[in-house]
file start.txt (compact mmCIF, C-alpha atoms and all ligand atoms)
# COMPACT_ATOMS: atom_id res chain seq x y z
CA MET Q 1 -24.90 -24.56 -17.12
CA PRO Q 2 -26.02 -24.24 -13.49
CA SER Q 3 -25.44 -27.24 -11.25
CA LEU Q 4 -28.31 -29.36 -9.95
CA TYR Q 5 -27.91 -27.71 -6.57
CA GLU Q 6 -28.16 -24.23 -8.09
CA ARG Q 7 -31.26 -25.21 -10.04
CA ASP Q 8 -32.76 -26.53 -6.80
CA LEU Q 9 -32.13 -23.17 -5.12
CA ARG Q 10 -33.70 -21.30 -8.02
CA SER Q 11 -36.82 -23.44 -8.22
CA LEU Q 12 -37.61 -25.08 -4.88
CA SER Q 13 -38.92 -23.32 -1.80
CA ARG Q 14 -36.62 -22.88 1.15
CA LEU Q 15 -39.54 -23.39 3.52
CA SER Q 16 -38.88 -27.11 3.69
CA GLN Q 17 -35.11 -27.06 3.33
CA LEU Q 18 -32.81 -28.06 6.13
CA ARG Q 19 -29.45 -28.02 4.45
CA PHE Q 20 -26.03 -28.76 5.87
CA PHE Q 21 -23.97 -28.85 2.66
CA PRO Q 22 -24.64 -28.61 -1.08
CA GLN Q 23 -25.76 -32.19 -1.55
CA ALA Q 24 -27.36 -32.99 -4.93
CA VAL Q 25 -27.97 -36.61 -5.81
CA VAL Q 26 -28.99 -38.37 -8.98
CA GLY Q 27 -29.23 -41.95 -7.77
CA GLY Q 28 -28.48 -44.40 -5.02
CA ASN Q 29 -28.02 -48.03 -4.18
CA GLY Q 30 -27.77 -49.68 -0.78
CA SER Q 31 -25.85 -47.45 1.63
CA TYR Q 32 -24.51 -45.24 -1.13
CA LEU Q 33 -25.86 -42.23 -2.99
CA THR Q 34 -24.53 -40.93 -6.30
CA SER Q 35 -24.00 -37.19 -6.48
CA ASP Q 36 -24.50 -35.15 -9.63
CA ASP Q 37 -20.73 -34.76 -9.88
CA GLU Q 38 -20.45 -38.56 -9.93
CA ARG Q 39 -19.14 -39.04 -6.43
CA ARG Q 40 -20.20 -42.01 -4.31
CA LEU Q 41 -21.51 -40.77 -1.00
CA LEU Q 42 -21.74 -43.12 1.96
CA ASP Q 43 -25.12 -42.30 3.48
CA PHE Q 44 -25.15 -42.36 7.28
CA SER Q 45 -28.48 -40.55 7.39
CA ALA Q 46 -30.63 -42.61 5.00
CA SER Q 47 -32.70 -39.47 4.45
CA TRP Q 48 -33.23 -39.06 8.19
CA GLY Q 49 -33.95 -42.77 8.58
CA ALA Q 50 -36.66 -42.92 5.90
CA ALA Q 51 -34.63 -45.10 3.54
CA SER Q 52 -34.60 -47.83 6.16
CA LEU Q 53 -33.50 -50.60 3.78
CA GLY Q 54 -31.06 -48.35 1.96
CA HIS Q 55 -31.62 -46.99 -1.50
CA ALA Q 56 -33.31 -48.93 -4.33
CA HIS Q 57 -33.82 -52.05 -2.24
CA PRO Q 58 -35.13 -54.81 -4.55
CA ALA Q 59 -37.92 -55.79 -2.14
CA VAL Q 60 -39.33 -52.24 -2.14
CA ARG Q 61 -38.78 -51.83 -5.86
CA ASP Q 62 -40.62 -55.08 -6.67
CA ALA Q 63 -43.48 -54.38 -4.28
CA VAL Q 64 -44.00 -50.91 -5.70
CA SER Q 65 -43.94 -52.07 -9.33
CA ARG Q 66 -46.36 -54.91 -8.57
CA ALA Q 67 -48.75 -52.54 -6.81
CA LEU Q 68 -48.56 -50.08 -9.69
CA ALA Q 69 -48.97 -52.71 -12.40
CA ASP Q 70 -52.58 -53.35 -11.35
CA GLN Q 71 -53.35 -50.40 -9.14
CA ALA Q 72 -56.10 -50.88 -6.54
CA GLY Q 73 -57.04 -47.21 -6.56
CA ALA Q 74 -55.08 -44.58 -4.72
CA SER Q 75 -56.82 -44.28 -1.38
CA HIS Q 76 -58.61 -46.21 1.32
CA LEU Q 77 -60.95 -43.42 2.36
CA SER Q 78 -63.93 -44.77 0.51
CA SER Q 79 -62.78 -48.26 -0.42
CA ALA Q 80 -60.87 -51.15 1.11
CA ASN Q 81 -57.68 -52.20 -0.67
CA LEU Q 82 -55.57 -55.27 -0.05
CA PRO Q 83 -52.14 -53.76 0.71
CA ALA Q 84 -53.63 -51.30 3.25
CA VAL Q 85 -55.56 -54.11 4.99
CA GLU Q 86 -52.56 -56.44 5.01
CA LEU Q 87 -50.36 -53.69 6.35
CA ALA Q 88 -52.84 -52.93 9.13
CA GLU Q 89 -53.07 -56.62 10.04
CA LYS Q 90 -49.28 -56.84 10.13
CA LEU Q 91 -48.91 -53.74 12.31
CA LEU Q 92 -51.54 -55.05 14.74
CA SER Q 93 -49.39 -58.16 15.16
CA ILE Q 94 -46.24 -56.29 16.20
CA VAL Q 95 -47.61 -53.95 18.89
CA PRO Q 96 -48.48 -54.84 22.50
CA ARG Q 97 -51.93 -56.34 23.00
CA ARG Q 98 -53.24 -53.17 24.67
CA ALA Q 99 -52.44 -51.19 21.50
CA ALA Q 100 -53.68 -53.79 19.03
CA GLY Q 101 -57.09 -52.30 18.24
CA ARG Q 102 -57.14 -50.39 14.97
CA VAL Q 103 -54.61 -48.84 12.60
CA TRP Q 104 -54.80 -45.34 11.16
CA LEU Q 105 -52.68 -44.79 8.04
CA GLY Q 106 -51.17 -41.45 7.03
CA HIS Q 107 -48.34 -39.95 5.03
CA SER Q 108 -45.82 -38.82 7.62
CA GLY Q 109 -44.85 -38.90 11.24
CA SER Q 110 -46.30 -35.41 11.45
CA ASP Q 111 -49.82 -36.24 10.34
CA ALA Q 112 -49.86 -39.39 12.46
CA ASN Q 113 -48.82 -37.56 15.64
CA GLU Q 114 -51.23 -34.73 14.89
CA THR Q 115 -54.07 -37.21 14.52
CA VAL Q 116 -53.18 -38.96 17.75
CA ALA Q 117 -52.92 -35.65 19.62
CA ARG Q 118 -56.40 -34.67 18.41
CA VAL Q 119 -58.09 -38.00 18.93
CA VAL Q 120 -56.83 -38.73 22.44
CA VAL Q 121 -58.33 -35.46 23.64
CA ALA Q 122 -61.59 -35.97 21.72
CA ALA Q 123 -62.02 -39.60 22.73
CA THR Q 124 -61.14 -39.30 26.42
CA GLY Q 125 -62.68 -35.89 27.05
CA ARG Q 126 -59.47 -34.99 28.88
CA PRO Q 127 -58.01 -31.70 27.60
CA ARG Q 128 -54.34 -32.06 28.55
CA ILE Q 129 -51.30 -33.63 26.93
CA LEU Q 130 -47.82 -34.20 28.34
CA ALA Q 131 -44.79 -34.17 26.05
CA PHE Q 132 -41.08 -33.61 26.51
CA LYS Q 133 -38.94 -30.52 26.18
CA GLY Q 134 -36.74 -31.08 23.15
CA ALA Q 135 -39.22 -33.52 21.57
CA TYR Q 136 -39.87 -33.36 17.84
CA HIS Q 137 -43.20 -34.90 16.84
CA GLY Q 138 -43.68 -33.19 13.49
CA GLY Q 139 -43.92 -30.12 11.31
CA THR Q 140 -47.68 -29.66 10.86
CA THR Q 141 -49.57 -27.22 13.04
CA GLY Q 142 -51.07 -29.95 15.21
CA SER Q 143 -47.87 -31.96 15.63
CA MET Q 144 -45.77 -28.87 16.31
CA ALA Q 145 -48.39 -28.00 18.94
CA VAL Q 146 -47.30 -31.02 21.01
CA SER Q 147 -43.56 -30.76 20.34
CA GLY Q 148 -40.90 -29.17 22.47
CA HIS Q 149 -38.01 -28.73 20.05
CA PRO Q 150 -36.44 -25.24 20.05
CA VAL Q 151 -36.44 -25.11 16.21
CA GLN Q 152 -40.19 -24.55 16.59
CA GLN Q 153 -39.93 -21.75 19.12
CA GLY Q 154 -42.67 -19.19 18.58
CA VAL Q 155 -45.06 -21.75 17.08
CA PRO Q 156 -48.35 -21.89 19.02
CA LYS Q 157 -48.66 -24.87 21.37
CA ALA Q 158 -51.82 -26.85 22.13
CA PRO Q 159 -53.72 -25.09 24.94
CA GLY Q 160 -53.54 -28.25 27.07
CA LEU Q 161 -49.84 -28.99 26.49
CA THR Q 162 -47.36 -29.25 29.33
CA LEU Q 163 -43.72 -29.87 28.47
CA ILE Q 164 -41.71 -31.90 30.95
CA PRO Q 165 -37.93 -32.47 31.09
CA TYR Q 166 -36.42 -35.43 29.22
CA PRO Q 167 -33.68 -36.85 31.45
CA ASN Q 168 -30.27 -36.39 29.86
CA PRO Q 169 -27.62 -38.49 31.65
CA TYR Q 170 -24.71 -36.66 29.98
CA ARG Q 171 -25.88 -33.20 30.99
CA ASP Q 172 -27.97 -33.80 34.13
CA GLY Q 173 -25.47 -35.44 36.49
CA GLY Q 174 -25.61 -39.08 35.38
CA THR Q 175 -28.41 -41.56 34.87
CA GLU Q 176 -29.81 -41.70 38.39
CA GLU Q 177 -29.79 -38.00 39.08
CA ALA Q 178 -31.18 -37.16 35.63
CA ALA Q 179 -34.06 -39.58 36.15
CA ASN Q 180 -34.84 -38.43 39.69
CA THR Q 181 -34.80 -34.73 38.80
CA ALA Q 182 -37.03 -35.20 35.76
CA LEU Q 183 -39.44 -37.39 37.67
CA ALA Q 184 -39.62 -34.99 40.62
CA GLU Q 185 -40.63 -32.20 38.25
CA LEU Q 186 -43.35 -34.33 36.68
CA GLU Q 187 -44.68 -35.34 40.09
CA SER Q 188 -44.82 -31.78 41.31
CA LEU Q 189 -46.69 -30.73 38.16
CA LEU Q 190 -49.21 -33.53 38.64
CA ALA Q 191 -49.64 -32.59 42.30
CA GLY Q 192 -50.33 -28.98 41.37
CA PRO Q 193 -51.08 -27.19 38.12
CA VAL Q 194 -51.62 -30.27 35.94
CA PRO Q 195 -54.34 -32.45 37.48
CA PRO Q 196 -53.62 -35.97 36.21
CA ASN Q 197 -57.28 -36.80 35.64
CA GLU Q 198 -57.31 -34.04 33.01
CA VAL Q 199 -54.38 -35.57 31.08
CA ALA Q 200 -55.35 -37.61 28.03
CA ALA Q 201 -51.91 -38.82 26.98
CA LEU Q 202 -48.16 -38.62 27.37
CA PHE Q 203 -46.10 -38.54 24.17
CA LEU Q 204 -42.61 -40.02 24.38
CA GLU Q 205 -39.69 -40.77 22.13
CA PRO Q 206 -37.85 -43.95 23.23
CA ILE Q 207 -34.66 -42.09 22.27
CA GLN Q 208 -35.08 -38.32 21.97
CA SER Q 209 -33.61 -38.11 18.51
CA ASP Q 210 -33.97 -34.63 17.04
CA GLY Q 211 -33.42 -33.37 20.58
CA GLY Q 212 -29.90 -34.86 20.49
CA MET Q 213 -30.13 -38.67 20.37
CA VAL Q 214 -30.61 -38.72 24.12
CA VAL Q 215 -30.90 -42.24 25.53
CA PRO Q 216 -33.08 -42.16 28.65
CA PRO Q 217 -31.88 -43.71 31.91
CA GLU Q 218 -32.71 -47.36 32.42
CA ASP Q 219 -35.96 -47.67 34.35
CA TYR Q 220 -37.06 -44.08 33.84
CA PHE Q 221 -39.97 -44.89 31.56
CA ARG Q 222 -41.07 -47.78 33.76
CA ARG Q 223 -41.57 -45.22 36.51
CA ILE Q 224 -43.42 -42.96 34.07
CA GLU Q 225 -45.57 -45.90 33.00
CA ALA Q 226 -46.55 -46.57 36.61
CA ILE Q 227 -47.67 -42.96 37.03
CA CYS Q 228 -49.64 -43.06 33.78
CA ARG Q 229 -51.38 -46.32 34.71
CA ARG Q 230 -52.30 -44.92 38.12
CA HIS Q 231 -54.07 -41.97 36.49
CA GLY Q 232 -55.41 -43.54 33.29
CA ILE Q 233 -53.06 -41.49 31.10
CA LEU Q 234 -52.47 -43.04 27.67
CA ILE Q 235 -48.83 -43.61 26.68
CA VAL Q 236 -47.98 -42.77 23.07
CA SER Q 237 -44.65 -44.11 21.83
CA ASP Q 238 -43.41 -42.09 18.87
CA GLU Q 239 -41.37 -44.71 17.02
CA VAL Q 240 -41.12 -42.60 13.87
CA LYS Q 241 -37.35 -42.27 13.86
CA VAL Q 242 -35.99 -45.06 16.02
CA GLY Q 243 -38.64 -47.76 15.62
CA LEU Q 244 -38.94 -50.75 13.27
CA GLY Q 245 -35.57 -52.34 13.87
CA ARG Q 246 -33.36 -49.28 14.10
CA SER Q 247 -32.78 -49.55 17.84
CA GLY Q 248 -31.70 -53.18 17.57
CA ARG Q 249 -35.18 -54.40 18.49
CA LEU Q 250 -38.27 -54.27 16.34
CA ASN Q 251 -39.94 -51.69 18.60
CA ALA Q 252 -37.79 -49.18 20.41
CA PHE Q 253 -40.13 -49.10 23.43
CA GLU Q 254 -39.05 -52.68 24.15
CA HIS Q 255 -35.78 -51.24 25.52
CA LEU Q 256 -37.78 -49.19 28.01
CA GLY Q 257 -39.60 -52.18 29.46
CA ILE Q 258 -42.99 -50.55 28.91
CA GLU Q 259 -46.11 -51.25 26.89
CA PRO Q 260 -47.48 -48.16 25.21
CA ASP Q 261 -51.19 -47.76 24.47
CA ILE Q 262 -50.58 -46.11 21.11
CA VAL Q 263 -47.64 -46.64 18.77
CA VAL Q 264 -46.77 -44.21 15.97
CA PHE Q 265 -44.71 -45.28 12.96
CA GLY Q 266 -43.35 -43.24 10.06
CA LYS Q 267 -40.14 -42.58 8.15
CA GLY Q 268 -38.58 -46.04 7.75
CA LEU Q 269 -42.00 -47.72 7.54
CA GLY Q 270 -42.23 -46.86 3.85
CA GLY Q 271 -38.57 -47.58 3.08
CA GLY Q 272 -38.44 -44.22 1.30
CA LEU Q 273 -42.08 -43.88 0.30
CA PRO Q 274 -44.42 -41.63 2.28
CA ILE Q 275 -46.52 -43.59 4.74
CA SER Q 276 -47.15 -43.50 8.48
CA ALA Q 277 -49.34 -45.33 10.95
CA ALA Q 278 -50.85 -44.89 14.37
CA VAL Q 279 -51.90 -48.07 16.14
CA GLY Q 280 -54.03 -48.00 19.27
CA PRO Q 281 -57.07 -49.23 21.18
CA GLU Q 282 -60.32 -49.45 19.28
CA ALA Q 283 -62.10 -47.06 21.64
CA ILE Q 284 -59.62 -44.35 20.67
CA MET Q 285 -58.85 -45.18 17.05
CA ASN Q 286 -62.53 -45.67 16.14
CA HIS Q 287 -63.62 -42.54 17.96
CA SER Q 288 -65.60 -41.29 14.97
CA PRO Q 289 -65.55 -41.66 11.20
CA ALA Q 290 -64.10 -38.94 8.97
CA PHE Q 291 -62.19 -37.50 11.94
CA SER Q 292 -58.77 -37.25 10.28
CA PHE Q 293 -58.20 -38.10 6.64
CA GLN Q 294 -56.38 -36.95 3.54
CA THR Q 295 -57.20 -38.12 0.04
CA VAL Q 296 -54.40 -40.59 -0.60
CA HIS Q 297 -54.17 -41.99 2.93
CA GLY Q 298 -54.05 -45.77 2.72
CA ASN Q 299 -52.47 -45.57 -0.73
CA PRO Q 300 -51.94 -49.16 -1.89
CA VAL Q 301 -48.55 -48.45 -3.49
CA CYS Q 302 -47.13 -46.97 -0.31
CA ALA Q 303 -48.78 -49.67 1.78
CA ALA Q 304 -47.22 -52.34 -0.45
CA ALA Q 305 -43.81 -50.72 0.07
CA ALA Q 306 -44.37 -50.76 3.85
CA LEU Q 307 -45.34 -54.43 3.80
CA ALA Q 308 -42.16 -55.20 1.87
CA VAL Q 309 -40.13 -53.23 4.43
CA LEU Q 310 -41.65 -55.08 7.38
CA GLY Q 311 -41.25 -58.43 5.63
CA THR Q 312 -37.60 -57.71 4.85
CA ILE Q 313 -36.80 -56.52 8.37
CA GLU Q 314 -38.23 -59.77 9.71
CA ARG Q 315 -36.84 -62.14 7.08
CA GLU Q 316 -33.33 -60.71 7.13
CA ASP Q 317 -33.33 -59.97 10.87
CA LEU Q 318 -32.39 -56.37 10.25
CA ALA Q 319 -33.05 -55.51 13.89
CA GLY Q 320 -30.33 -58.03 14.70
CA ASN Q 321 -28.09 -56.46 12.06
CA ALA Q 322 -28.75 -53.01 13.52
CA ALA Q 323 -27.77 -54.29 16.97
CA GLU Q 324 -24.59 -55.96 15.73
CA VAL Q 325 -23.37 -53.34 13.27
CA GLY Q 326 -24.45 -50.64 15.73
CA ARG Q 327 -22.20 -52.18 18.41
CA HIS Q 328 -19.33 -52.22 15.95
CA LEU Q 329 -19.99 -48.62 14.94
CA MET Q 330 -20.06 -47.51 18.58
CA GLN Q 331 -16.73 -49.25 19.23
CA GLU Q 332 -15.18 -47.54 16.24
CA LEU Q 333 -16.57 -44.19 17.37
CA GLU Q 334 -15.19 -44.73 20.88
CA ARG Q 335 -11.74 -44.87 19.26
CA LEU Q 336 -12.40 -41.43 17.79
CA LYS Q 337 -13.22 -40.17 21.26
CA GLN Q 338 -9.71 -41.11 22.44
CA LYS Q 339 -8.29 -39.14 19.58
CA HIS Q 340 -10.46 -36.04 19.19
CA ALA Q 341 -11.04 -33.66 22.09
CA LEU Q 342 -14.16 -32.33 20.37
CA VAL Q 343 -16.02 -35.56 21.02
CA GLY Q 344 -17.83 -35.23 24.33
CA ASP Q 345 -20.25 -38.13 24.34
CA ILE Q 346 -21.24 -41.10 22.20
CA ARG Q 347 -24.59 -42.73 22.79
CA GLY Q 348 -27.33 -44.64 21.10
CA ARG Q 349 -28.95 -47.97 20.51
CA GLY Q 350 -28.47 -50.13 17.46
CA LEU Q 351 -28.17 -47.92 14.41
CA ALA Q 352 -29.54 -44.83 16.15
CA ILE Q 353 -26.39 -43.13 17.40
CA GLY Q 354 -25.42 -39.60 18.40
CA VAL Q 355 -21.98 -38.08 18.75
CA GLU Q 356 -22.11 -34.92 20.82
CA LEU Q 357 -19.36 -32.36 20.15
CA VAL Q 358 -18.25 -29.98 22.90
CA THR Q 359 -15.69 -27.18 23.03
CA ASP Q 360 -14.09 -28.97 25.99
CA ARG Q 361 -15.04 -31.97 28.04
CA ALA Q 362 -15.00 -30.14 31.38
CA SER Q 363 -17.41 -27.34 30.50
CA LYS Q 364 -19.37 -29.47 27.96
CA ASN Q 365 -20.15 -26.27 26.07
CA PRO Q 366 -21.89 -27.24 22.84
CA ALA Q 367 -19.49 -26.99 19.88
CA LYS Q 368 -22.20 -25.86 17.51
CA GLN Q 369 -19.98 -24.32 14.87
CA GLU Q 370 -17.52 -27.20 14.87
CA THR Q 371 -20.44 -29.60 14.43
CA ALA Q 372 -21.55 -27.75 11.30
CA PHE Q 373 -17.93 -27.73 10.07
CA THR Q 374 -17.55 -31.45 10.71
CA ALA Q 375 -20.72 -32.38 8.82
CA TYR Q 376 -19.65 -30.13 5.95
CA ARG Q 377 -16.14 -31.51 5.79
CA ALA Q 378 -17.38 -35.10 6.04
CA PHE Q 379 -19.58 -34.44 3.02
CA GLU Q 380 -16.60 -33.11 1.07
CA LEU Q 381 -14.83 -36.35 1.96
CA GLY Q 382 -17.78 -38.51 0.86
CA LEU Q 383 -19.87 -39.11 3.99
CA VAL Q 384 -23.44 -37.90 4.47
CA LEU Q 385 -24.11 -37.14 8.11
CA TYR Q 386 -26.46 -34.47 9.51
CA TYR Q 387 -26.73 -33.09 13.00
CA VAL Q 388 -29.45 -32.66 15.61
CA GLY Q 389 -29.84 -31.53 19.22
CA VAL Q 390 -31.38 -28.67 21.15
CA SER Q 391 -27.98 -26.97 20.75
CA SER Q 392 -27.29 -28.28 17.21
CA ASN Q 393 -24.15 -30.09 18.30
CA VAL Q 394 -24.93 -33.79 17.94
CA LEU Q 395 -23.94 -35.68 14.79
CA GLU Q 396 -26.71 -38.11 14.01
CA PHE Q 397 -26.21 -41.64 12.67
CA THR Q 398 -29.32 -43.26 11.20
CA PRO Q 399 -27.82 -45.30 8.34
CA PRO Q 400 -29.71 -47.99 6.43
CA LEU Q 401 -30.53 -51.01 8.59
CA THR Q 402 -28.68 -53.07 5.99
CA LEU Q 403 -25.36 -51.33 6.78
CA THR Q 404 -22.37 -53.68 6.90
CA LYS Q 405 -19.47 -53.53 9.36
CA GLU Q 406 -17.15 -52.64 6.49
CA GLU Q 407 -19.35 -49.69 5.54
CA ALA Q 408 -19.54 -48.64 9.18
CA SER Q 409 -15.74 -48.66 9.44
CA ALA Q 410 -15.35 -46.80 6.14
CA GLY Q 411 -17.69 -44.07 7.39
CA VAL Q 412 -15.86 -43.73 10.70
CA ALA Q 413 -12.56 -43.34 8.81
CA LEU Q 414 -14.07 -40.43 6.86
CA LEU Q 415 -15.42 -38.87 10.05
CA ASP Q 416 -12.00 -39.28 11.67
CA GLN Q 417 -10.45 -37.32 8.81
CA ALA Q 418 -13.18 -34.67 8.98
CA LEU Q 419 -12.60 -34.15 12.73
CA THR Q 420 -8.83 -33.89 12.13
CA ASP Q 421 -9.40 -31.29 9.41
CA VAL Q 422 -11.78 -29.27 11.59
CA ALA Q 423 -9.32 -29.30 14.49
CA SER Q 424 -6.52 -28.08 12.21
CA GLY Q 425 -8.71 -25.32 10.75
CA LYS Q 426 -8.77 -26.82 7.27
CA ILE Q 427 -12.28 -25.52 6.67
CA ASP Q 428 -13.66 -23.05 4.20
CA GLN Q 429 -15.75 -21.08 6.70
CA ALA Q 430 -17.26 -18.85 4.00
CA ALA Q 431 -18.69 -21.87 2.19
CA LEU Q 432 -20.74 -22.63 5.26
CA SER Q 433 -22.56 -19.32 5.42
CA ASN Q 434 -25.46 -20.70 3.35
CA PHE Q 435 -25.85 -23.76 5.53
CA ALA Q 436 -27.39 -22.74 8.80
CA GLY Q 437 -28.74 -26.22 9.54
CA TRP Q 438 -30.94 -25.91 12.60
N1 LIG Q 501 -41.51 -38.01 15.23
C1 LIG Q 501 -40.20 -38.12 15.35
C2 LIG Q 501 -39.62 -38.80 16.53
C3 LIG Q 501 -39.35 -37.58 14.37
O1 LIG Q 501 -38.01 -37.69 14.50
C4 LIG Q 501 -39.92 -36.92 13.26
C5 LIG Q 501 -39.07 -36.29 12.17
N2 LIG Q 501 -37.81 -35.97 12.48
C6 LIG Q 501 -41.31 -36.85 13.17
C7 LIG Q 501 -42.08 -37.41 14.17
C8 LIG Q 501 -41.98 -36.21 11.99
O2 LIG Q 501 -41.84 -37.00 10.88
P1 LIG Q 501 -42.03 -36.41 9.42
O3 LIG Q 501 -41.07 -35.26 9.27
O4 LIG Q 501 -41.75 -37.52 8.51
O5 LIG Q 501 -43.43 -35.94 9.33
call {"tool": "encode", "arguments": {"input": "start.txt", "output": "structure tokens"}}
result
Amino acid sequence: MPSLYERDLRSLSRLSQLRFFPQAVVGGNGSYLTSDDERRLLDFSASWGAASLGHAHPAVRDAVSRALADQAGASHLSSANLPAVELAEKLLSIVPRRAAGRVWLGHSGSDANETVARVVVAATGRPRILAFKGAYHGGTTGSMAVSGHPVQQGVPKAPGLTLIPYPNPYRDGGTEEAANTALAELESLLAGPVPPNEVAALFLEPIQSDGGMVVPPEDYFRRIEAICRRHGILIVSDEVKVGLGRSGRLNAFEHLGIEPDIVVFGKGLGGGLPISAAVGPEAIMNHSPAFSFQTVHGNPVCAAAALAVLGTIEREDLAGNAAEVGRHLMQELERLKQKHALVGDIRGRGLAIGVELVTDRASKNPAKQETAFTAYRAFELGLVLYYVGVSSNVLEFTPPLTLTKEEASAGVALLDQALTDVASGKIDQAALSNFAGW
């Protein structure tokens, strides 16, 4: 009898697989998944942050069964439905006033960013978009077209796209120098080949997550905001991965001290169900009817799940929990840094944390292979942890927002063991050949 993982390989397309180890799960509850060989796996990814309340959260479960018990259709394209309207009203109440115009609902961060990228150009008549090198805004043609992540090298970019550097304090000489260098490059672009009055919008991630969980220097985005305001450039905050409580605040842009014009939500919004949202000024978001829609956009079941997620985050102060447990997790990880030479840098906000592995701390050469080994070994030990980064050497922590300190400590103990095993060569290198990651 083939295993679940083998059946997956024989039946499901590799086009959408991003595999780090042979994980096959049959269930899950809270911060734990159950594997098909009946192991309990502590989930420090939460399906890349999508399972924001953990697995099988009662609030999501109840909301979904209620919405399905008396189903108000499947779409809001040609009919209003209550959960979609209530969700929109709720989202309008949590964004800055300048963004609180209208809400567009989609399925994924990708379709939301693609829609925003199209509509800002159409509505402003300005053909250009600024985004960051290393940024990941999605996997559809239009969202890849405004992304700068190397995994999408060779994919056509939007004709008006200019990629600018995202300041990386660890690699670019510290916070001040990183900010100044990145800003100087932007200013020279705007003074030359990229006339600012042709730029519709600037897309930013409050923490550049798939690019390596890079936390921008304090003040950097305030300086960017000033430039954008001067030239009427719209600021789009892509909160898909680190928004809605994960950073320790409800909106991750709050850490930057800025007020974006458009806010994009995804992943954790649905607590595991597919739903995304773009929230922005009416003049942009009402540009024209039938501009960007797919049949089950505004699905009442997914919208009901999202409402339950937002209600739970608020009621249980999960942003506060993310801040507190995140602080604890960072402290525990700092201990690992004392112990393991592979650990070059630990950074993050709340429960959005990256651990960058380097071959040695002086050269900071990315320890790409060791990162893959560590994730693989951690899985064998019972911890689910993937990696990100433009050099694939940053372990990414996006656990459920409900994570407890005890669970955080238990996960760090497993990672500690995994790093020890990698350092002592206790790794089946051949087993990894099928797991290229990214
Ligand atoms: N934006 C950001 C910041 C992301 O991290 C991602 C996914 N990693 C996306 C957009 C795309 O989201 P999805 O894959 O759910 O479409």
call {"tool": "closest_residue", "arguments": {"input": "start.txt", "among": "Q:Asp43, Q:Asp172, Q:Asp111, Q:Glu396", "to": "ligand LIG 501 (chain Q)", "atoms": "all atoms listed in the file"}}
result
Q:Asp111
call {"tool": "residues_around", "arguments": {"input": "start.txt", "residues": "segment 221-227 of chain Q", "least_positions_apart": "6", "cutoff": "7 Å", "atoms": "only C-alpha atoms", "output": "VMD selection string"}}
result
chain Q and resid 256 to 258
call {"tool": "axis_aligned_box", "arguments": {"input": "start.txt", "around": "ligand LIG 501 (chain Q)", "padding_each_side": "6 Å", "output": "JSON"}}
result
{"center_x": -40.6, "center_y": -37.0, "center_z": 12.5, "size_x": 17.6, "size_y": 15.5, "size_z": 20.0}
call {"tool": "residues_around", "arguments": {"input": "start.txt", "residues": "Arg249 of chain Q", "least_positions_apart": "6", "cutoff": "9 Å", "atoms": "all atoms listed in the file", "output": "number ranges by chain"}}
result
Q: 243, 255, 318-320, 322-323, 350
call {"tool": "residues_near_ligand", "arguments": {"input": "start.txt", "ligand": "ligand LIG 501 (chain Q)", "cutoff": "8 Å", "atoms": "only C-alpha atoms and all ligand atoms", "output": "list in words"}}
result
Trp48, Ala50, His107, Ser108, Gly109, Ser110, Asp111, Ala112, Asn113, Ala135, Tyr136, His137, Gly138, Gly139, Thr140, Glu205, Gln208, Ser209, Asp210, Asp238, Glu239, Val240, Lys241, Val242, Gly266, Lys267 and Pro274 of chain Q
